[in-house]
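So this one's target24.txt, compact mmCIF, C-alpha atoms and all ligand atoms:
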# COMPACT_ATOMS: atom_id res chain seq x y z
CA MET S 1 91.40 77.51 6.82
CA THR S 2 89.92 75.31 9.54
CA TYR S 3 92.32 72.77 10.98
CA ASP S 4 91.09 69.32 12.00
CA PHE S 5 92.59 69.98 15.39
CA ILE S 6 95.09 72.10 17.20
CA LEU S 7 97.29 70.64 19.90
CA TYR S 8 98.24 73.61 22.09
CA ASN S 9 99.94 74.35 25.40
CA ILE S 10 102.85 72.02 24.56
CA GLY S 11 105.49 72.66 27.25
CA GLN S 12 108.32 71.49 24.99
CA LEU S 13 107.94 70.46 21.38
CA ILE S 14 110.91 68.37 20.23
CA LEU S 15 111.79 69.14 16.63
CA PRO S 16 114.82 67.18 15.42
CA LYS S 17 116.51 68.72 12.39
CA SER S 18 115.96 66.77 9.24
CA LYS S 19 118.62 66.60 6.57
CA GLU S 20 119.19 64.64 3.37
CA ARG S 21 121.65 62.53 5.36
CA PRO S 22 121.81 61.40 8.99
CA LEU S 23 123.05 63.81 11.66
CA LYS S 24 126.74 63.16 12.23
CA GLY S 25 129.10 63.92 15.08
CA GLN S 26 128.53 67.40 16.56
CA GLU S 27 125.28 67.77 14.60
CA MET S 28 123.80 65.15 16.92
CA LYS S 29 124.01 67.67 19.76
CA GLU S 30 121.57 69.99 17.97
CA LEU S 31 117.91 69.59 18.87
CA ASN S 32 115.26 72.27 18.40
CA ILE S 33 113.05 72.63 21.44
CA SER S 34 110.10 74.94 21.03
CA GLU S 35 108.47 76.06 24.29
CA ASN S 36 104.78 76.80 24.76
CA ALA S 37 104.21 75.51 21.25
CA ALA S 38 101.23 74.34 19.21
CA ILE S 39 100.65 72.12 16.17
CA GLY S 40 97.82 72.37 13.66
CA ILE S 41 96.77 69.11 12.01
CA SER S 42 94.83 68.67 8.77
CA ASP S 43 94.23 65.50 6.75
CA GLY S 44 96.59 63.54 8.99
CA LYS S 45 99.48 65.90 8.29
CA VAL S 46 101.23 68.68 10.16
CA ALA S 47 99.69 71.84 8.67
CA TRP S 48 100.90 74.52 11.05
CA LEU S 49 103.61 74.91 13.72
CA GLY S 50 103.92 77.90 16.01
CA SER S 51 103.34 79.25 19.49
CA SER S 52 100.28 78.55 21.62
CA ILE S 53 99.53 82.26 21.67
CA ASP S 54 99.48 82.49 17.87
CA ALA S 55 97.36 79.32 17.72
CA GLU S 56 94.54 81.08 19.59
CA SER S 57 93.47 82.95 16.48
CA LEU S 58 93.40 79.83 14.27
CA LYS S 59 90.16 78.06 13.42
CA ALA S 60 89.96 74.38 14.32
CA SER S 61 87.26 71.73 14.63
CA GLU S 62 88.83 70.59 17.88
CA ARG S 63 91.41 71.87 20.37
CA ILE S 64 93.47 69.56 22.56
CA ASP S 65 95.29 70.93 25.60
CA ALA S 66 98.72 69.27 26.00
CA GLN S 67 98.77 70.63 29.58
CA GLY S 68 102.35 71.82 29.35
CA LYS S 69 103.69 68.35 28.59
CA VAL S 70 106.38 67.29 26.14
CA VAL S 71 105.54 66.34 22.54
CA SER S 72 107.96 64.56 20.19
CA PRO S 73 107.79 62.92 16.77
CA GLY S 74 106.71 59.27 16.96
CA LEU S 75 109.75 57.20 17.89
CA VAL S 76 111.50 55.05 15.29
CA ASP S 77 112.86 51.62 16.29
CA PRO S 78 115.26 50.62 13.49
CA HIS S 79 116.25 47.09 14.62
CA THR S 80 113.80 44.48 15.88
CA HIS S 81 113.30 40.74 15.50
CA LEU S 82 109.56 41.11 15.94
CA VAL S 83 108.30 37.82 14.49
CA PHE S 84 109.28 34.60 16.25
CA GLY S 85 107.89 31.51 17.92
CA GLY S 86 108.38 30.47 21.55
CA SER S 87 110.54 32.12 24.19
CA ARG S 88 113.90 31.39 25.83
CA GLU S 89 113.56 31.97 29.57
CA HIS S 90 115.28 28.58 30.08
CA GLU S 91 118.53 30.19 28.83
CA LEU S 92 118.68 32.56 31.79
CA SER S 93 120.25 29.94 34.07
CA LEU S 94 122.87 29.18 31.38
CA LYS S 95 123.68 32.89 31.20
CA GLN S 96 123.91 33.04 34.99
CA ALA S 97 126.33 30.11 34.87
CA GLY S 98 128.48 32.18 32.53
CA VAL S 99 127.89 30.21 29.31
CA PRO S 100 128.66 32.72 26.53
CA TYR S 101 126.02 33.70 23.97
CA LEU S 102 127.94 32.15 21.04
CA GLU S 103 128.51 28.94 23.04
CA ILE S 104 124.76 28.53 23.63
CA LEU S 105 124.31 28.95 19.87
CA ALA S 106 127.12 26.47 19.08
CA GLN S 107 125.36 23.92 21.31
CA GLY S 108 122.22 24.23 19.16
CA GLY S 109 120.41 26.64 21.50
CA GLY S 110 120.01 30.40 21.26
CA ILE S 111 118.88 31.49 17.81
CA LEU S 112 118.54 27.83 16.75
CA SER S 113 116.12 27.16 19.60
CA THR S 114 113.91 30.00 18.33
CA VAL S 115 114.27 28.63 14.80
CA SER S 116 112.65 25.33 15.91
CA ALA S 117 109.85 27.15 17.70
CA THR S 118 109.25 29.40 14.67
CA LYS S 119 109.15 26.44 12.27
CA ASN S 120 106.59 24.75 14.54
CA ALA S 121 104.34 27.80 14.81
CA SER S 122 101.59 28.46 12.27
CA GLU S 123 101.45 31.76 10.39
CA GLU S 124 98.38 32.72 12.43
CA GLU S 125 100.16 31.99 15.70
CA LEU S 126 103.16 34.07 14.64
CA LEU S 127 100.87 36.91 13.60
CA GLN S 128 99.07 36.88 16.92
CA LYS S 129 102.29 36.82 18.92
CA ALA S 130 103.96 39.56 16.85
CA SER S 131 100.79 41.68 17.15
CA PHE S 132 101.02 41.50 20.92
CA HIS S 133 104.63 42.74 20.90
CA LEU S 134 103.92 45.35 18.23
CA GLU S 135 101.05 46.83 20.22
CA ARG S 136 103.34 47.08 23.21
CA MET S 137 105.95 48.90 21.09
CA ILE S 138 103.28 51.39 20.02
CA SER S 139 102.35 51.94 23.66
CA TYR S 140 105.97 52.98 24.28
CA GLY S 141 105.72 55.67 21.61
CA VAL S 142 106.96 53.89 18.47
CA THR S 143 105.15 54.67 15.21
CA THR S 144 107.80 53.39 12.75
CA MET S 145 109.82 50.22 13.19
CA GLU S 146 111.88 47.64 11.37
CA ALA S 147 111.15 43.90 11.59
CA LYS S 148 113.51 41.10 10.54
CA SER S 149 113.02 37.50 9.55
CA GLY S 150 115.86 35.12 10.47
CA TYR S 151 114.23 32.45 12.60
CA GLY S 152 113.46 30.17 9.69
CA LEU S 153 116.77 29.55 7.92
CA ASP S 154 114.79 27.65 5.29
CA ALA S 155 112.73 28.97 2.42
CA GLU S 156 109.36 28.03 3.85
CA THR S 157 109.81 29.50 7.32
CA GLU S 158 111.68 32.62 6.22
CA LEU S 159 108.88 33.42 3.77
CA LYS S 160 106.31 32.67 6.47
CA GLN S 161 107.96 35.25 8.75
CA LEU S 162 108.10 37.83 5.97
CA ARG S 163 104.43 37.23 5.17
CA VAL S 164 103.61 37.89 8.81
CA VAL S 165 105.43 41.24 8.55
CA GLN S 166 103.31 42.03 5.47
CA ARG S 167 100.16 41.18 7.36
CA LEU S 168 101.23 43.37 10.28
CA LYS S 169 101.67 46.24 7.80
CA GLU S 170 98.09 45.74 6.65
CA LYS S 171 96.72 45.27 10.16
CA TYR S 172 98.27 48.32 11.89
CA PRO S 173 98.43 51.96 10.84
CA VAL S 174 102.16 52.20 11.59
CA SER S 175 105.16 51.98 9.24
CA ILE S 176 106.96 48.65 9.32
CA ILE S 177 110.12 48.15 7.29
CA SER S 178 110.85 44.53 6.48
CA THR S 179 114.33 42.99 6.48
CA PHE S 180 115.28 39.53 5.19
CA LEU S 181 117.74 37.99 7.67
CA GLY S 182 117.87 34.45 6.26
CA ALA S 183 121.63 34.56 7.01
CA HIS S 184 121.13 34.78 10.77
CA ALA S 185 122.75 31.46 11.79
CA ILE S 186 123.92 28.23 10.23
CA PRO S 187 121.34 25.48 10.50
CA PRO S 188 122.84 22.18 11.80
CA GLU S 189 122.31 20.43 8.45
CA PHE S 190 124.56 23.06 6.78
CA LYS S 191 127.38 23.00 9.36
CA GLY S 192 130.64 23.20 7.39
CA LYS S 193 128.68 24.07 4.22
CA GLU S 194 128.14 27.77 4.94
CA ALA S 195 128.73 28.85 1.33
CA GLN S 196 126.08 26.38 0.17
CA PHE S 197 123.65 27.67 2.79
CA LEU S 198 124.20 31.26 1.65
CA GLU S 199 123.54 30.22 -1.96
CA HIS S 200 120.32 28.68 -0.75
CA MET S 201 119.31 31.95 0.93
CA SER S 202 120.46 33.95 -2.14
CA ASP S 203 118.05 31.89 -4.23
CA LEU S 204 115.18 33.48 -2.30
CA LEU S 205 116.15 37.06 -3.11
CA ASP S 206 114.36 37.30 -6.46
CA GLU S 207 111.09 35.99 -5.05
CA ILE S 208 111.33 38.30 -2.02
CA LYS S 209 111.95 41.26 -4.32
CA GLU S 210 109.16 40.39 -6.75
CA ARG S 211 106.63 39.93 -3.98
CA GLY S 212 107.79 43.06 -2.15
CA LEU S 213 108.42 41.04 0.99
CA ALA S 214 111.50 42.95 2.19
CA GLU S 215 113.25 46.26 1.62
CA PHE S 216 116.54 45.30 3.29
CA VAL S 217 118.84 42.27 3.51
CA ASP S 218 120.89 41.64 6.66
CA ILE S 219 123.50 39.06 7.78
CA PHE S 220 125.00 38.06 11.13
CA CYS S 221 128.73 38.54 10.46
CA GLU S 222 130.38 37.02 13.53
CA THR S 223 132.80 34.34 14.73
CA GLY S 224 131.18 30.94 14.25
CA VAL S 225 128.47 32.42 12.02
CA PHE S 226 129.36 34.17 8.72
CA THR S 227 132.80 35.49 7.79
CA ILE S 228 133.58 38.87 6.30
CA GLU S 229 134.15 37.38 2.84
CA GLN S 230 130.92 35.37 2.93
CA SER S 231 129.06 38.48 4.12
CA ARG S 232 130.59 40.67 1.42
CA LYS S 233 129.63 38.28 -1.39
CA TYR S 234 126.11 37.73 -0.10
CA LEU S 235 125.40 41.42 0.54
CA GLN S 236 126.88 42.52 -2.78
CA LEU S 237 124.46 40.17 -4.52
CA ALA S 238 121.56 41.58 -2.51
CA LYS S 239 122.68 45.11 -3.37
CA ASP S 240 122.85 44.23 -7.07
CA LYS S 241 119.27 43.00 -6.83
CA GLY S 242 118.16 46.36 -5.43
CA PHE S 243 117.94 45.69 -1.69
CA GLY S 244 119.13 48.10 0.98
CA LEU S 245 121.77 46.60 3.26
CA LYS S 246 122.19 46.10 7.00
CA ILE S 247 124.78 44.09 8.91
CA HIS S 248 124.87 42.59 12.39
CA ALA S 249 128.48 43.69 12.67
CA ASP S 250 131.29 43.46 15.23
CA GLU S 251 128.90 42.50 18.02
CA ILE S 252 131.26 40.18 19.87
CA ASP S 253 134.52 39.99 17.90
CA PRO S 254 136.08 42.80 15.82
CA LEU S 255 135.90 41.03 12.44
CA GLY S 256 135.61 44.24 10.41
CA GLY S 257 131.87 44.18 9.72
CA THR S 258 131.74 47.93 10.39
CA GLU S 259 134.26 48.64 7.61
CA LEU S 260 132.41 46.22 5.33
CA ALA S 261 129.10 48.03 5.94
CA VAL S 262 130.61 51.41 5.01
CA SER S 263 132.38 50.04 1.94
CA LEU S 264 129.13 48.51 0.66
CA GLY S 265 127.15 51.69 1.40
CA ALA S 266 124.91 49.86 3.87
CA ALA S 267 122.12 51.93 5.43
CA SER S 268 123.24 50.71 8.84
CA ALA S 269 125.81 48.70 10.73
CA ASP S 270 124.26 47.34 13.89
CA HIS S 271 125.65 46.38 17.36
CA LEU S 272 129.30 47.53 16.87
CA VAL S 273 130.32 46.76 20.47
CA ALA S 274 133.69 45.50 19.21
CA ALA S 275 134.07 47.94 16.30
CA SER S 276 137.74 48.84 15.77
CA ASP S 277 139.23 52.34 15.71
CA GLU S 278 139.50 51.94 11.93
CA GLY S 279 135.83 50.93 11.71
CA ILE S 280 134.81 54.04 13.66
CA LYS S 281 136.96 56.21 11.40
CA ARG S 282 135.25 54.73 8.35
CA LEU S 283 131.80 55.36 9.85
CA ALA S 284 132.72 59.01 10.32
CA GLU S 285 133.77 59.24 6.67
CA GLY S 286 130.68 57.52 5.27
CA SER S 287 126.92 57.81 5.72
CA THR S 288 126.19 54.37 7.16
CA VAL S 289 124.30 54.80 10.44
CA ALA S 290 125.73 53.07 13.52
CA VAL S 291 122.66 51.47 15.10
CA LEU S 292 123.62 50.84 18.72
CA LEU S 293 121.78 48.33 20.87
CA PRO S 294 122.73 48.91 24.51
CA GLY S 295 119.79 46.81 25.72
CA THR S 296 121.51 43.77 24.21
CA THR S 297 124.82 44.43 25.95
CA PHE S 298 122.88 44.92 29.19
CA TYR S 299 120.85 41.74 28.70
CA LEU S 300 123.91 39.66 27.80
CA GLY S 301 125.47 40.86 31.05
CA LYS S 302 128.52 42.41 29.46
CA ASP S 303 130.57 45.31 30.79
CA GLN S 304 131.85 46.64 27.49
CA TYR S 305 129.32 48.76 25.61
CA ALA S 306 129.60 50.14 22.09
CA ARG S 307 131.91 53.17 22.02
CA ALA S 308 129.20 55.70 21.22
CA ARG S 309 131.20 58.63 22.59
CA LYS S 310 134.15 57.92 20.33
CA MET S 311 131.80 57.36 17.38
CA ILE S 312 130.00 60.67 17.86
CA ASP S 313 133.12 62.62 18.79
CA GLU S 314 134.85 61.39 15.64
CA GLY S 315 131.90 62.33 13.44
CA ALA S 316 129.75 59.20 12.97
CA ALA S 317 125.93 59.09 12.81
CA VAL S 318 124.44 57.08 15.69
CA ALA S 319 120.92 55.70 16.11
CA LEU S 320 119.43 53.58 18.89
CA ALA S 321 117.16 50.53 18.74
CA THR S 322 115.70 47.91 21.04
CA ASP S 323 116.92 44.84 19.08
CA PHE S 324 113.75 43.30 20.53
CA ASN S 325 114.15 39.50 20.25
CA PRO S 326 113.57 36.44 22.44
CA GLY S 327 117.22 35.80 23.30
CA SER S 328 119.55 38.74 23.58
CA CYS S 329 117.19 41.64 24.35
CA VAL S 330 113.71 40.87 25.56
CA THR S 331 112.13 44.31 25.73
CA GLU S 332 109.83 46.32 23.49
CA ASN S 333 110.62 49.46 25.49
CA LEU S 334 112.65 51.98 23.47
CA GLN S 335 112.47 54.43 26.40
CA MET S 336 114.48 51.92 28.46
CA ILE S 337 117.08 51.93 25.68
CA MET S 338 117.18 55.74 25.91
CA SER S 339 118.10 55.41 29.59
CA LEU S 340 120.80 52.83 28.84
CA ALA S 341 122.16 55.14 26.15
CA ALA S 342 122.50 57.90 28.76
CA LEU S 343 123.99 55.70 31.47
CA LYS S 344 126.13 53.24 29.51
CA LEU S 345 126.82 54.94 26.18
CA LYS S 346 127.25 58.38 27.84
CA MET S 347 125.08 60.02 25.19
CA SER S 348 123.48 63.39 25.95
CA ALA S 349 119.69 63.80 25.94
CA GLU S 350 119.92 65.69 22.62
CA GLU S 351 121.99 62.91 21.00
CA ILE S 352 119.58 60.30 22.34
CA TRP S 353 116.49 62.03 20.91
CA ASN S 354 118.18 62.36 17.52
CA GLY S 355 119.14 58.68 17.83
CA VAL S 356 115.54 57.50 18.22
CA THR S 357 114.04 59.89 15.65
CA VAL S 358 115.84 61.30 12.59
CA ASN S 359 118.90 59.05 12.62
CA ALA S 360 116.81 55.96 13.27
CA ALA S 361 114.63 56.94 10.29
CA HIS S 362 117.74 57.23 8.09
CA ALA S 363 118.88 53.77 9.23
CA ILE S 364 115.75 52.26 7.65
CA GLY S 365 115.43 54.55 4.64
CA LYS S 366 112.41 56.42 6.01
CA SER S 367 113.91 59.86 6.59
CA GLN S 368 111.42 61.48 4.21
CA GLU S 369 108.44 60.53 6.30
CA ALA S 370 109.45 59.67 9.86
CA GLY S 371 111.59 61.06 12.66
CA THR S 372 110.58 64.69 12.67
CA LEU S 373 107.59 67.03 12.55
CA GLU S 374 107.50 69.46 9.66
CA ILE S 375 104.71 71.11 7.72
CA GLY S 376 103.41 68.65 5.14
CA ARG S 377 104.71 65.59 6.97
CA ARG S 378 102.56 62.84 8.42
CA ALA S 379 101.46 63.82 11.92
CA ASP S 380 103.00 60.98 13.95
CA PHE S 381 103.68 62.21 17.45
CA VAL S 382 103.69 61.32 21.13
CA ILE S 383 102.49 63.30 24.12
CA TRP S 384 104.80 62.46 27.02
CA ASP S 385 103.75 62.83 30.63
CA VAL S 386 107.06 64.39 31.64
CA PRO S 387 108.18 67.93 32.52
CA ASN S 388 110.99 68.17 29.97
CA TYR S 389 112.80 66.18 27.26
CA GLN S 390 115.73 65.23 29.53
CA TYR S 391 113.32 63.44 31.88
CA ILE S 392 112.76 60.28 29.80
CA PRO S 393 116.35 58.94 29.80
CA TYR S 394 116.54 59.96 33.47
CA HIS S 395 113.52 58.11 34.89
CA TYR S 396 113.97 54.58 33.63
CA GLY S 397 111.98 51.37 33.39
CA VAL S 398 108.48 52.87 33.16
CA ASN S 399 106.31 54.06 30.30
CA HIS S 400 106.14 57.86 30.05
CA ALA S 401 103.95 57.92 26.92
CA GLN S 402 100.54 59.46 27.59
CA SER S 403 99.15 59.14 24.07
CA VAL S 404 100.48 58.13 20.67
CA PHE S 405 99.16 59.68 17.45
CA ARG S 406 99.57 58.29 13.95
CA SER S 407 98.56 60.40 10.94
CA GLY S 408 96.88 62.79 13.36
CA LYS S 409 94.69 60.06 14.90
CA LYS S 410 95.03 58.82 18.44
CA LEU S 411 96.37 55.28 18.20
CA TRP S 412 97.05 54.58 21.85
CA GLU S 413 96.28 56.28 25.11
CA ARG S 414 97.27 55.50 28.66
CA MET S 415 94.25 54.63 30.72
CA ALA S 416 95.14 56.56 33.87
CA TYR S 417 96.42 60.04 33.15
CA SER S 418 98.16 60.67 36.43
CA GLY S 419 100.26 57.79 37.57
CA VAL S 420 98.83 54.38 38.29
CA GLN S 421 95.21 53.52 38.94
CA LEU S 422 94.69 51.10 41.79
CA SER S 423 91.80 48.69 41.61
CA SER S 424 88.59 49.91 43.22
CA ALA S 425 88.47 46.60 45.15
CA TRP S 426 91.45 47.66 47.21
N1 LIG S 501 123.06 38.69 17.33
C1 LIG S 501 122.32 38.21 16.48
N2 LIG S 501 120.99 38.30 16.43
C2 LIG S 501 120.13 38.86 17.43
C3 LIG S 501 119.84 37.91 18.53
C4 LIG S 501 118.93 36.86 18.12
C5 LIG S 501 118.62 35.86 19.19
O1 LIG S 501 119.41 35.62 20.12
O2 LIG S 501 117.53 35.27 19.07
C6 LIG S 501 120.67 40.17 17.93
O3 LIG S 501 120.75 41.09 17.12
O4 LIG S 501 121.00 40.33 19.11
ZN ZN S 502 119.50 41.87 15.81

Please render this file's structure as structure tokens.
Amino acid sequence: MTYDFILYNIGQLILPKSKERPLKGQEMKELNISENAAIGISDGKVAWLGSSIDAESLKASERIDAQGKVVSPGLVDPHTHLVFGGSREHELSLKQAGVPYLEILAQGGGILSTVSATKNASEEELLQKASFHLERMISYGVTTMEAKSGYGLDAETELKQLRVVQRLKEKYPVSIISTFLGAHAIPPEFKGKEAQFLEHMSDLLDEIKERGLAEFVDIFCETGVFTIEQSRKYLQLAKDKGFGLKIHADEIDPLGGTELAVSLGAASADHLVAASDEGIKRLAEGSTVAVLLPGTTFYLGKDQYARARKMIDEGAAVALATDFNPGSCVTENLQMIMSLAALKLKMSAEEIWNGVTVNAAHAIGKSQEAGTLEIGRRADFVIWDVPNYQYIPYHYGVNHAQSVFRSGKKLWERMAYSGVQLSSAW
């Protein structure tokens, strides 16, 4: 057999273990690292895995020298609000003055400010803007990501956002999982009529399902937004209609969204900064993935981070995501989140890599195709310009990706291979 190409001289090849279910508790500490490794690629898939020495005797149309660098599966970002209009830099001074996130929202700002900007933007404008952010995510090593609606809060704008996600799927050779988050905030005209608003959003579910516009349904279950009972009813309906479930749960107040997620069999419960001891116990018992978003806690200027250590030590499955959005976490950089996970969530490098690969894939129902490199799987991988896998969480705030491959094809490559390239005019 002649392989399309062989990537050899890989200093460390990161091979997360893939299971039928997410890695839980102590399993998150396990990470296969193969040294001086090689991968054979054929028809966009991993066709051979072994040592660089053994790869010498293989036939290949092309050979690429990884120069002793680190190679990992393409990263998976399981929680993003990729499609939105406008930006919210004007809120920074409010944050600095100590105005809480939910207070900005209650005053008609925050999410509602982005809702106005998203309503006012055309589909083309939203597509262009989301493309810009998506390309940046790819440059940071992400080949599979989730994207939510939720900045419309009316039928027309929610569907417009979901159509943009569909168009992104067609435009880019990456996997994008679409989530309907029509229940993201209460529009001013529905203040005090939350149940009516949720009925209005529920009415969209059949159309979204028929047109294949979303795989998951999500809700912001929080003080001043949607209650536990409202969330339960809404999500149960979505589940009955065949959607996967996600919940923005226990981000600020411990309402019990974590327990609700587990009891409904949600794929993920996200944020969980205020998750109770009982909620953590339930996560450990179930298979709902705790998607932690330390970039959001950092960006909101809070001191209390999600209790990742307790979650993992008690047996829960943890994944990490950017939560990229224009208000509470304005970064496309999942590597930065890996550093925050090390520093603020006290996760080990092994737990972090599992959190941005296999467990993140489970959180969005893509564990069969993303998050690891195995023979027969799509060859989505990243060559990292670092000496070892611990280095990425350690050296923060910069992009360590050297090149990003999707289905065995180079999708993105850093222009200067060794560090920065100063202008020749200097
Ligand atoms: N907390 C709710 N939703 C988003 C923030 C959205 C926004 O502020 O625009 C989040 O996950 O952080
Ligand atoms: Zn979110």

Exercise for the section: Using only C-alpha atoms, find the one residue out of S:Val70, S:Tyr8, S:Leu75, S:Glu135 that sits nearest to Ser57 (chain S). Expected result: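 Selected residue with least distance to Ser57 (chain S): S:Tyr8.
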
May I have a table of the residues of chain S lying at most 7 Å from ligand ZN 502 (chain S), giving each one's closest pair of atoms and their distance in Å to one decimal, counting only C-alpha atoms and all ligand atoms, ordered by chain and ascending residue number, as CSV?
residue,atom,partner,partner_atom,distance
S:His79,CA,S:ZN502,ZN,6.3
S:Thr80,CA,S:ZN502,ZN,6.3
S:His81,CA,S:ZN502,ZN,6.3
S:His248,CA,S:ZN502,ZN,6.4
S:Asp323,CA,S:ZN502,ZN,5.1

Axis-aligned box for all listed atoms of ligand LIG 501 (chain S), 6 Å per side, centre and edges in Å to one decimal, as lines of an AutoDock Vina configuration file:
center_x = 120.3
center_y = 38.2
center_z = 18.3
size_x = 17.5
size_y = 17.8
size_z = 15.7

(message) Which polymer residues, whether protein, DNA or RNA, lie within 10 Å of the coordinate (92.5, 69.0, 12.1) when you count all atoms listed in the file? List them as a PyMOL selection string, using the chain letters and numbers from the file.
(response) chain S and resi 2-7+39-47+59-63+408-409

Which residue of S:Pro100, S:Gly85, S:Gly182, S:Pro173 approaches Leu153 (chain S) most closely, using all atoms listed in the file:
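Residue with the minimum atom-to-atom distance to Leu153 (chain S): S:Gly182.
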
Can I get the residues close to ligand LIG 501 (chain S) as number ranges by chain, where close means within 10 Å and we count only C-alpha atoms and all ligand atoms?
S: 79-81, 84, 87-88, 101-102, 104-105, 109-115, 148, 150-151, 181, 184-185, 219-222, 225, 247-252, 270-271, 293, 295-297, 299-300, 322-330

#### Entry: Shell around Gly25 (chain S) at 9 Å using all atoms listed in the file, local window under 6 positions removed, as a PyMOL selection string
chain S and resi 284+311-318
